[in-house]
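File shown here: final14.csv, holding CSV, C-alpha atoms.
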chain,number,residue,atom,x,y,z
A,63,MET,CA,-1.1,-15.2,-3.7
A,64,ALA,CA,-1.0,-19.0,-4.4
A,65,ALA,CA,-3.3,-18.5,-7.3
A,66,ALA,CA,-1.3,-15.6,-8.8
A,67,LEU,CA,2.0,-17.4,-8.4
A,68,THR,CA,0.5,-20.5,-10.1
A,69,ASP,CA,-0.7,-18.3,-13.0
A,70,ALA,CA,2.8,-16.8,-13.2
A,71,GLY,CA,4.3,-20.3,-13.7
A,72,CYS,CA,5.5,-21.0,-10.1
A,73,ASP,CA,5.1,-24.6,-8.9
A,74,VAL,CA,2.9,-24.1,-5.8
A,75,ARG,CA,3.0,-27.3,-3.7
A,76,GLY,CA,0.0,-26.5,-1.6
A,77,VAL,CA,-1.6,-24.2,1.0
A,78,LEU,CA,-1.6,-24.9,4.7
A,79,ALA,CA,-4.3,-23.5,7.0
A,80,ARG,CA,-5.2,-23.4,10.7
A,81,GLY,CA,-4.9,-26.9,12.3
A,82,ASP,CA,-2.5,-28.3,9.7
A,83,ASP,CA,0.9,-29.6,10.7
A,84,LEU,CA,3.3,-26.7,10.1
A,85,SER,CA,6.5,-28.4,11.2
A,86,VAL,CA,7.3,-29.9,7.8
A,87,ALA,CA,6.1,-26.9,5.7
A,88,ALA,CA,9.6,-25.9,4.6
A,89,LEU,CA,10.6,-29.4,3.3
A,90,GLY,CA,11.0,-29.9,-0.4
A,91,VAL,CA,10.3,-26.3,-1.5
A,92,ASP,CA,12.5,-23.3,-2.5
A,93,GLY,CA,10.4,-20.9,-0.5
A,94,LEU,CA,7.7,-20.9,2.1
A,95,VAL,CA,5.3,-17.9,2.2
A,96,ILE,CA,3.7,-17.0,5.5
A,97,ALA,CA,0.5,-15.0,4.5
A,98,THR,CA,-1.0,-14.6,8.0
A,99,PRO,CA,-2.0,-11.5,10.0
A,100,ASP,CA,1.1,-9.7,11.4
A,101,ALA,CA,0.4,-10.9,14.9
A,102,ALA,CA,0.7,-14.5,13.9
A,103,VAL,CA,3.8,-14.4,11.7
A,104,ALA,CA,6.3,-15.0,14.4
A,105,SER,CA,4.5,-18.0,16.0
A,106,VAL,CA,3.9,-19.6,12.6
A,107,ALA,CA,7.6,-19.2,11.7
A,108,GLN,CA,8.6,-20.8,15.0
A,109,ALA,CA,6.3,-23.7,14.4
A,110,VAL,CA,8.1,-24.5,11.1
A,111,THR,CA,11.2,-26.7,11.4
A,112,ALA,CA,14.1,-24.8,9.8
A,113,VAL,CA,15.5,-26.2,6.5
A,114,PRO,CA,18.8,-24.6,5.5
A,115,GLU,CA,18.0,-24.5,1.8
A,116,THR,CA,14.5,-23.1,2.1
A,117,VAL,CA,13.7,-19.4,2.2
A,118,VAL,CA,10.9,-18.5,4.7
A,119,MET,CA,9.2,-15.2,3.8
A,120,HIS,CA,6.3,-13.1,5.1
A,121,MET,CA,3.9,-10.8,3.3
A,122,SER,CA,3.7,-8.1,6.0
A,123,GLY,CA,4.4,-4.5,5.1
A,124,SER,CA,5.3,-3.4,8.6
A,125,LEU,CA,7.4,-6.3,10.0
A,126,GLY,CA,11.1,-6.8,9.7
A,127,LEU,CA,12.9,-10.1,9.1
A,128,ASP,CA,13.6,-10.8,12.8
A,129,VAL,CA,10.1,-12.3,13.2
A,130,LEU,CA,11.2,-15.2,10.9
A,131,SER,CA,13.6,-16.6,13.5
A,132,PRO,CA,15.0,-19.3,13.7
A,133,HIS,CA,15.2,-19.6,9.9
A,134,GLY,CA,18.5,-18.7,8.3
A,135,ARG,CA,17.2,-17.7,4.9
A,136,ARG,CA,14.6,-15.0,5.3
A,137,ALA,CA,12.7,-12.6,3.0
A,138,SER,CA,9.7,-10.4,2.8
A,139,LEU,CA,7.4,-9.8,-0.1
A,140,HIS,CA,4.7,-7.1,0.4
A,141,PRO,CA,2.3,-6.3,-2.5
A,142,LEU,CA,1.5,-2.6,-2.5
A,143,VAL,CA,-2.2,-3.1,-3.5
A,144,PRO,CA,-5.4,-3.9,-1.7
A,145,LEU,CA,-6.4,-7.6,-1.8
A,146,PRO,CA,-10.1,-7.5,-0.6
A,147,THR,CA,-11.0,-11.0,-2.0
A,148,PRO,CA,-9.0,-13.9,-3.4
A,149,GLU,CA,-10.5,-13.4,-6.9
A,150,VAL,CA,-9.6,-9.7,-7.0
A,151,GLY,CA,-6.2,-10.3,-5.5
A,152,ARG,CA,-5.3,-12.9,-8.1
A,153,ILE,CA,-5.8,-10.3,-10.8
A,154,ARG,CA,-4.2,-7.4,-9.0
A,155,LEU,CA,-1.0,-9.3,-8.0
A,156,LEU,CA,-0.3,-9.8,-11.7
A,157,SER,CA,-1.1,-6.2,-12.8
A,158,GLY,CA,2.4,-4.7,-12.6
A,159,ILE,CA,2.3,-3.4,-9.0
A,160,THR,CA,5.1,-2.4,-6.7
A,161,PHE,CA,6.3,-5.0,-4.2
A,162,ALA,CA,8.3,-4.0,-1.1
A,163,VAL,CA,11.1,-6.7,-0.7
A,164,ALA,CA,13.8,-7.4,1.7
A,165,GLY,CA,16.2,-10.2,2.5
A,166,ASP,CA,16.9,-13.2,0.3
A,167,PRO,CA,16.8,-12.5,-3.5
A,168,ILE,CA,14.0,-15.0,-4.0
A,169,ALA,CA,11.5,-12.2,-3.0
A,170,THR,CA,12.8,-10.1,-5.9
A,171,LYS,CA,12.5,-13.1,-8.2
A,172,LEU,CA,8.9,-13.8,-7.2
A,173,ALA,CA,8.1,-10.1,-7.7
A,174,HIS,CA,9.5,-10.2,-11.2
A,175,MET,CA,7.6,-13.5,-11.9
A,176,LEU,CA,4.4,-11.7,-11.0
A,177,GLY,CA,5.2,-8.9,-13.4
A,178,GLY,CA,5.8,-6.5,-10.6
A,179,TRP,CA,8.3,-3.7,-9.7
A,180,PRO,CA,10.4,-4.7,-6.6
A,181,VAL,CA,11.6,-2.0,-4.3
A,182,VAL,CA,13.9,-2.7,-1.3
A,183,VAL,CA,12.6,-1.4,2.0
A,184,ASP,CA,14.9,-2.2,4.9
A,185,ASP,CA,13.7,-3.2,8.3
A,186,ASP,CA,14.3,0.2,9.9
A,187,ARG,CA,12.0,1.9,7.3
A,188,ARG,CA,9.2,-0.7,7.1
A,189,ALA,CA,6.9,0.9,9.7
A,190,SER,CA,7.1,4.3,7.9
A,191,TYR,CA,6.5,2.6,4.5
A,192,HIS,CA,3.5,0.7,5.8
A,193,ALA,CA,2.1,3.7,7.5
A,194,ALA,CA,2.2,5.5,4.1
A,195,ALA,CA,0.5,2.6,2.5
A,196,CYS,CA,-2.3,2.6,5.0
A,197,ILE,CA,-2.8,6.3,4.6
A,198,ALA,CA,-3.0,6.0,0.8
A,199,SER,CA,-5.4,3.0,0.9
A,200,ASN,CA,-7.1,2.3,4.2
A,201,HIS,CA,-7.5,5.9,5.3
A,202,LEU,CA,-8.6,6.9,1.9
A,203,VAL,CA,-11.4,4.3,2.0
A,204,ALA,CA,-12.4,5.4,5.5
A,205,LEU,CA,-12.5,9.1,4.2
A,206,LEU,CA,-14.8,8.1,1.4
A,207,GLY,CA,-17.0,6.4,3.9
A,208,GLN,CA,-17.3,9.7,5.7
A,209,ALA,CA,-18.0,11.5,2.4
A,210,GLU,CA,-20.7,9.0,1.6
A,211,ARG,CA,-22.4,9.6,5.0
A,212,VAL,CA,-22.3,13.4,4.6
A,213,ALA,CA,-23.4,13.3,1.0
A,214,ALA,CA,-26.4,11.1,1.8
A,215,SER,CA,-27.7,13.9,4.1
A,216,ALA,CA,-27.8,16.1,0.9
A,217,GLY,CA,-29.4,13.4,-1.2
A,218,VAL,CA,-26.3,12.7,-3.2
A,219,GLY,CA,-25.0,9.1,-3.8
A,220,ILE,CA,-21.4,7.7,-3.6
A,221,ASP,CA,-21.2,7.3,-7.4
A,222,ALA,CA,-21.1,11.0,-8.0
A,223,LEU,CA,-18.3,11.4,-5.4
A,224,LEU,CA,-16.3,8.6,-6.9
A,225,VAL,CA,-16.1,10.6,-10.2
A,226,LEU,CA,-14.7,13.5,-8.2
A,227,ALA,CA,-12.3,11.3,-6.3
A,228,ARG,CA,-11.0,9.6,-9.4
A,229,ALA,CA,-10.4,13.0,-11.0
A,230,SER,CA,-8.5,14.1,-7.9
A,231,LEU,CA,-6.3,11.0,-7.9
A,232,ALA,CA,-5.6,11.6,-11.6
A,233,ASP,CA,-4.5,15.1,-10.9
A,234,VAL,CA,-2.2,13.9,-8.1
A,235,GLY,CA,-0.6,11.5,-10.5
A,236,GLU,CA,-0.2,14.3,-13.2
A,237,LEU,CA,0.7,17.3,-11.0
A,238,GLY,CA,1.7,16.0,-7.6
A,239,PRO,CA,-0.3,16.5,-4.4
A,240,ALA,CA,0.5,20.2,-3.7
A,241,ARG,CA,-0.4,21.4,-7.2
A,242,ALA,CA,-3.5,19.1,-7.4
A,243,LEU,CA,-5.0,20.6,-4.2
A,244,THR,CA,-8.2,22.7,-4.7
A,245,GLY,CA,-11.0,23.8,-2.4
A,246,PRO,CA,-11.5,26.2,0.5
A,247,ALA,CA,-8.5,25.1,2.6
A,248,ALA,CA,-6.2,25.6,-0.3
A,249,ARG,CA,-7.7,29.1,-0.9
A,250,GLY,CA,-7.7,30.1,2.7
A,251,ASP,CA,-11.5,30.4,2.6
A,252,ALA,CA,-12.4,30.3,6.3
A,253,ALA,CA,-16.0,31.3,5.8
A,254,THR,CA,-16.8,28.3,3.7
A,255,ILE,CA,-15.0,26.0,6.1
A,256,ALA,CA,-17.1,27.5,8.9
A,257,ARG,CA,-20.3,26.8,6.9
A,258,HIS,CA,-19.2,23.2,6.4
A,259,ARG,CA,-18.6,22.7,10.1
A,260,ALA,CA,-22.0,24.2,11.0
A,261,ALA,CA,-23.7,21.8,8.7
A,262,LEU,CA,-21.9,18.6,9.8
A,263,ALA,CA,-23.1,16.3,12.5
A,264,PRO,CA,-20.9,16.5,15.6
A,265,GLU,CA,-19.5,13.0,15.1
A,266,GLU,CA,-18.2,14.0,11.7
A,267,LEU,CA,-16.3,17.1,12.9
A,268,ALA,CA,-13.1,15.4,14.0
A,269,GLY,CA,-12.5,13.8,10.7
A,270,TYR,CA,-13.4,16.9,8.8
A,271,ASP,CA,-11.1,19.1,10.9
A,272,ALA,CA,-8.2,16.6,10.4
A,273,GLY,CA,-8.7,16.8,6.7
A,274,VAL,CA,-8.8,20.6,6.7
A,275,ALA,CA,-5.5,20.7,8.8
A,276,LEU,CA,-3.8,18.3,6.3
A,277,ALA,CA,-5.1,20.4,3.3
A,278,GLN,CA,-3.8,23.6,5.0
A,279,ARG,CA,-0.4,22.0,5.6
A,280,LEU,CA,-0.2,20.9,2.0
A,281,ALA,CA,-1.3,24.3,0.7
A,282,SER,CA,1.5,25.9,2.7
A,283,THR,CA,4.1,23.9,0.8
A,284,ALA,CA,2.7,24.7,-2.7
A,285,THR,CA,5.0,26.8,-4.8
A,286,ARG,CA,4.7,27.9,-8.4
A,287,PRO,CA,7.0,25.5,-10.5
A,288,SER,CA,9.9,27.0,-12.3
A,289,THR,CA,10.1,26.9,-16.1
A,290,ALA,CA,12.6,24.1,-15.9
A,291,ASP,CA,10.4,21.7,-14.0
A,292,SER,CA,6.9,22.8,-15.0
A,293,SER,CA,6.3,19.9,-17.3
A,294,PRO,CA,4.7,16.9,-15.6
A,295,ARG,CA,6.4,14.6,-18.1
A,296,ALA,CA,9.8,16.1,-17.2
A,297,LYS,CA,9.1,15.6,-13.5
A,298,GLN,CA,8.1,12.0,-14.0
A,299,ALA,CA,11.2,11.4,-16.0
A,300,GLY,CA,13.2,12.6,-13.1
A,301,VAL,CA,11.5,10.1,-10.8
A,302,ASP,CA,12.0,7.3,-13.2
A,303,ASP,CA,15.7,8.1,-13.6
A,304,GLU,CA,16.1,7.6,-9.8
A,305,GLU,CA,14.0,4.5,-9.5
A,306,PRO,CA,16.5,1.8,-10.6
A,307,ALA,CA,19.0,2.8,-7.8
A,308,GLN,CA,16.3,1.9,-5.3
A,309,CYS,CA,15.2,-1.3,-6.9
A,310,ALA,CA,16.4,-4.8,-6.4
Please lay out the structure from this file as structure tokens.
Amino acid sequence: MAAALTDAGCDVRGVLARGDDLSVAALGVDGLVIATPDAAVASVAQAVTAVPETVVMHMSGSLGLDVLSPHGRRASLHPLVPLPTPEVGRIRLLSGITFAVAGDPIATKLAHMLGGWPVVVDDDRRASYHAAACIASNHLVALLGQAERVAASAGVGIDALLVLARASLADVGELGPARALTGPAARGDAATIARHRAALAPEELAGYDAGVALAQRLASTATRPSTADSSPRAKQAGVDDEEPAQCA
């Protein structure tokens, strides 16, 4: 984040780490970013002497602003993108992503400086927001890990599956999840599902069964689109028309 903000033209005064004196961290700056694991945010915030003019903000997706007590000006800035390494993160933070923001307007300003799209997520909705983010990212990675293990038993590598996964994600973006769903669960093909279960190692069944249940639930909601909304472009325009009302 420090590198990305520097690239975006922000005057980053420094980065503090474990063992540094945090008491004066809020002095002489417009904003102080706490970029620690969630469990450490509150203790780090309490270790910093409050400065009335300085905004203290965290980068947690699930926490509210209460953890930033005793600071009067508080904010949150959560990037909706995986940041596996500093180098990758530096690029992705500047790639036009969504940022969940709350509290002081400085969070929105920083999101715009990074070229992002700020969306206000209030404290009472942050746990749901972050759960959705984890499902879309962390759980997807774990699911592909299972796919890699199962495919290996058939002599197929992860690269072939990634082509399939990318096509499926593209279909979701174009058609929406319900219309993009294919496969035996969507068709109600119990015989194929039974063959899958018979071929899988016992330790893989729980994950597979959970995926089948989710696919069946999604399939049950799928309906044929009407003529008025059958165009993916028209549906996207509808989403875009609503977005500004939700954004800071």
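Distance-wise, atom CA of Asp92 of chain A and atom CA of Glu115 of chain A end up 7.1 Å apart.
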What lies within 9 Å of Glu266 of chain A using only C-alpha atoms, ignoring chain neighbours under 5 positions off, as a list in words?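 Near Glu266 of chain A, the qualifying residues are Gln208, Val212, Arg259 and Asp271 of chain A.
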Each segment 89-130 of chain A residue no farther than 10 Å from segment 191-197 of chain A, nearest pair in Å, only C-alpha atoms, as a Markdown table:
| residue | atom | partner | partner_atom | distance |
| --- | --- | --- | --- | --- |
| A:Ser122 | CA | A:His192 | CA | 8.8 |
| A:Gly123 | CA | A:His192 | CA | 5.3 |
| A:Ser124 | CA | A:His192 | CA | 5.3 |
| A:Leu125 | CA | A:His192 | CA | 9.0 |
What does the distance from atom CA of His120 of chain A to atom CA of Pro141 of chain A come to in Å, to one decimal?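 Separating atom CA of His120 of chain A from atom CA of Pro141 of chain A is a distance of 11.0 Å.
We find atom CA of Leu127 of chain A and atom CA of Val74 of chain A to be spaced 22.8 Å apart.
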Given only C-alpha atoms as the basis, pick out the residue of A:Arg188, A:Leu155, A:Gly269, A:Ala232 nearest to Leu176 of chain A.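 Among the listed residues, the smallest separation from Leu176 of chain A belongs to A:Leu155.
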Distance query Ser157 of chain A at most 10 Å, all atoms listed in the file, self and fewer than 4 positions along chain excluded, as a list of chain:residue names: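 Within the cut-off, the hits are A:Val143, A:Gly151, A:Arg152, A:Ile153, A:Leu176, A:Gly177, A:Gly178.
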Nearest residue to Asp69 of chain A from the set A:Leu156, A:Ala222, A:Ala189, A:Val129 (distances using all atoms listed in the file):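 Of A:Leu156, A:Ala222, A:Ala189, A:Val129, the one nearest Asp69 of chain A is A:Leu156, counting all atoms listed in the file.
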Find the residues around Leu139 of chain A up to 6 Å (only C-alpha atoms counted), leave out those fewer than 3 positions away in its own chain, and share them as a PyMOL selection string. chain A and resi 121+162-163+169
May I ask you to restore N, CA and C atoms in segment 95-125 of chain A and write the result as a PDB file, in the frame of the given file?
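Heads up, here's the output in rebuild_38.pdb:
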ATOM      1  N   VAL A  95       5.909 -19.208   1.955  1.00  0.00           N
ATOM      2  CA  VAL A  95       5.300 -17.900   2.200  1.00  0.00           C
ATOM      3  C   VAL A  95       4.350 -17.948   3.355  1.00  0.00           C
ATOM      4  N   ILE A  96       4.589 -17.088   4.329  1.00  0.00           N
ATOM      5  CA  ILE A  96       3.700 -17.000   5.500  1.00  0.00           C
ATOM      6  C   ILE A  96       2.775 -15.772   5.194  1.00  0.00           C
ATOM      7  N   ALA A  97       1.514 -16.062   4.922  1.00  0.00           N
ATOM      8  CA  ALA A  97       0.500 -15.000   4.500  1.00  0.00           C
ATOM      9  C   ALA A  97      -0.541 -14.924   5.609  1.00  0.00           C
ATOM     10  N   THR A  98      -0.124 -14.665   6.838  1.00  0.00           N
ATOM     11  CA  THR A  98      -1.000 -14.600   8.000  1.00  0.00           C
ATOM     12  C   THR A  98      -1.124 -13.115   8.432  1.00  0.00           C
ATOM     13  N   PRO A  99      -2.059 -12.800   9.336  1.00  0.00           N
ATOM     14  CA  PRO A  99      -2.000 -11.500  10.000  1.00  0.00           C
ATOM     15  C   PRO A  99      -0.664 -11.274  10.680  1.00  0.00           C
ATOM     16  N   ASP A 100      -0.260 -10.019  10.798  1.00  0.00           N
ATOM     17  CA  ASP A 100       1.100  -9.700  11.400  1.00  0.00           C
ATOM     18  C   ASP A 100       1.289 -10.371  12.715  1.00  0.00           C
ATOM     19  N   ALA A 101       0.269 -10.388  13.548  1.00  0.00           N
ATOM     20  CA  ALA A 101       0.400 -10.900  14.900  1.00  0.00           C
ATOM     21  C   ALA A 101       0.753 -12.373  14.955  1.00  0.00           C
ATOM     22  N   ALA A 102       0.483 -13.098  13.873  1.00  0.00           N
ATOM     23  CA  ALA A 102       0.700 -14.500  13.900  1.00  0.00           C
ATOM     24  C   ALA A 102       1.973 -14.952  13.136  1.00  0.00           C
ATOM     25  N   VAL A 103       2.663 -14.032  12.487  1.00  0.00           N
ATOM     26  CA  VAL A 103       3.800 -14.400  11.700  1.00  0.00           C
ATOM     27  C   VAL A 103       4.895 -15.075  12.494  1.00  0.00           C
ATOM     28  N   ALA A 104       5.255 -14.490  13.615  1.00  0.00           N
ATOM     29  CA  ALA A 104       6.300 -15.000  14.400  1.00  0.00           C
ATOM     30  C   ALA A 104       6.026 -16.436  14.931  1.00  0.00           C
ATOM     31  N   SER A 105       4.822 -16.648  15.433  1.00  0.00           N
ATOM     32  CA  SER A 105       4.500 -18.000  16.000  1.00  0.00           C
ATOM     33  C   SER A 105       4.404 -19.017  14.876  1.00  0.00           C
ATOM     34  N   VAL A 106       3.925 -18.625  13.692  1.00  0.00           N
ATOM     35  CA  VAL A 106       3.900 -19.600  12.600  1.00  0.00           C
ATOM     36  C   VAL A 106       5.324 -19.920  12.156  1.00  0.00           C
ATOM     37  N   ALA A 107       6.192 -18.928  12.074  1.00  0.00           N
ATOM     38  CA  ALA A 107       7.600 -19.200  11.700  1.00  0.00           C
ATOM     39  C   ALA A 107       8.261 -20.113  12.681  1.00  0.00           C
ATOM     40  N   GLN A 108       7.997 -19.937  13.962  1.00  0.00           N
ATOM     41  CA  GLN A 108       8.600 -20.800  15.000  1.00  0.00           C
ATOM     42  C   GLN A 108       8.077 -22.203  14.951  1.00  0.00           C
ATOM     43  N   ALA A 109       6.869 -22.379  14.439  1.00  0.00           N
ATOM     44  CA  ALA A 109       6.300 -23.700  14.400  1.00  0.00           C
ATOM     45  C   ALA A 109       6.843 -24.533  13.211  1.00  0.00           C
ATOM     46  N   VAL A 110       7.538 -23.876  12.279  1.00  0.00           N
ATOM     47  CA  VAL A 110       8.100 -24.500  11.100  1.00  0.00           C
ATOM     48  C   VAL A 110       9.528 -24.956  11.378  1.00  0.00           C
ATOM     49  N   THR A 111       9.837 -26.220  11.192  1.00  0.00           N
ATOM     50  CA  THR A 111      11.200 -26.700  11.400  1.00  0.00           C
ATOM     51  C   THR A 111      12.093 -26.088  10.269  1.00  0.00           C
ATOM     52  N   ALA A 112      13.192 -25.468  10.693  1.00  0.00           N
ATOM     53  CA  ALA A 112      14.100 -24.800   9.800  1.00  0.00           C
ATOM     54  C   ALA A 112      14.746 -25.766   8.811  1.00  0.00           C
ATOM     55  N   VAL A 113      14.774 -25.427   7.546  1.00  0.00           N
ATOM     56  CA  VAL A 113      15.500 -26.200   6.500  1.00  0.00           C
ATOM     57  C   VAL A 113      16.486 -25.237   5.887  1.00  0.00           C
ATOM     58  N   PRO A 114      17.784 -25.537   5.981  1.00  0.00           N
ATOM     59  CA  PRO A 114      18.800 -24.600   5.500  1.00  0.00           C
ATOM     60  C   PRO A 114      18.626 -24.073   4.119  1.00  0.00           C
ATOM     61  N   GLU A 115      18.119 -24.920   3.224  1.00  0.00           N
ATOM     62  CA  GLU A 115      18.000 -24.500   1.800  1.00  0.00           C
ATOM     63  C   GLU A 115      16.747 -23.725   1.503  1.00  0.00           C
ATOM     64  N   THR A 116      15.785 -23.706   2.409  1.00  0.00           N
ATOM     65  CA  THR A 116      14.500 -23.100   2.100  1.00  0.00           C
ATOM     66  C   THR A 116      14.410 -21.672   2.656  1.00  0.00           C
ATOM     67  N   VAL A 117      13.918 -20.769   1.823  1.00  0.00           N
ATOM     68  CA  VAL A 117      13.700 -19.400   2.200  1.00  0.00           C
ATOM     69  C   VAL A 117      12.291 -19.284   2.846  1.00  0.00           C
ATOM     70  N   VAL A 118      12.208 -18.720   4.044  1.00  0.00           N
ATOM     71  CA  VAL A 118      10.900 -18.500   4.700  1.00  0.00           C
ATOM     72  C   VAL A 118      10.655 -16.959   4.563  1.00  0.00           C
ATOM     73  N   MET A 119       9.523 -16.590   4.000  1.00  0.00           N
ATOM     74  CA  MET A 119       9.200 -15.200   3.800  1.00  0.00           C
ATOM     75  C   MET A 119       7.821 -14.845   4.259  1.00  0.00           C
ATOM     76  N   HIS A 120       7.634 -13.594   4.670  1.00  0.00           N
ATOM     77  CA  HIS A 120       6.300 -13.100   5.100  1.00  0.00           C
ATOM     78  C   HIS A 120       5.824 -12.066   4.085  1.00  0.00           C
ATOM     79  N   MET A 121       4.530 -11.762   4.147  1.00  0.00           N
ATOM     80  CA  MET A 121       3.900 -10.800   3.300  1.00  0.00           C
ATOM     81  C   MET A 121       3.509  -9.509   4.039  1.00  0.00           C
ATOM     82  N   SER A 122       4.086  -9.314   5.211  1.00  0.00           N
ATOM     83  CA  SER A 122       3.700  -8.100   6.000  1.00  0.00           C
ATOM     84  C   SER A 122       4.450  -6.900   5.497  1.00  0.00           C
ATOM     85  N   GLY A 123       3.751  -5.776   5.538  1.00  0.00           N
ATOM     86  CA  GLY A 123       4.400  -4.500   5.100  1.00  0.00           C
ATOM     87  C   GLY A 123       5.114  -3.853   6.270  1.00  0.00           C
ATOM     88  N   SER A 124       4.747  -4.131   7.514  1.00  0.00           N
ATOM     89  CA  SER A 124       5.300  -3.400   8.600  1.00  0.00           C
ATOM     90  C   SER A 124       6.384  -4.172   9.409  1.00  0.00           C
ATOM     91  N   LEU A 125       6.436  -5.492   9.268  1.00  0.00           N
ATOM     92  CA  LEU A 125       7.400  -6.300  10.000  1.00  0.00           C
ATOM     93  C   LEU A 125       8.717  -6.439   9.356  1.00  0.00           C
TER      94      LEU A 125
END
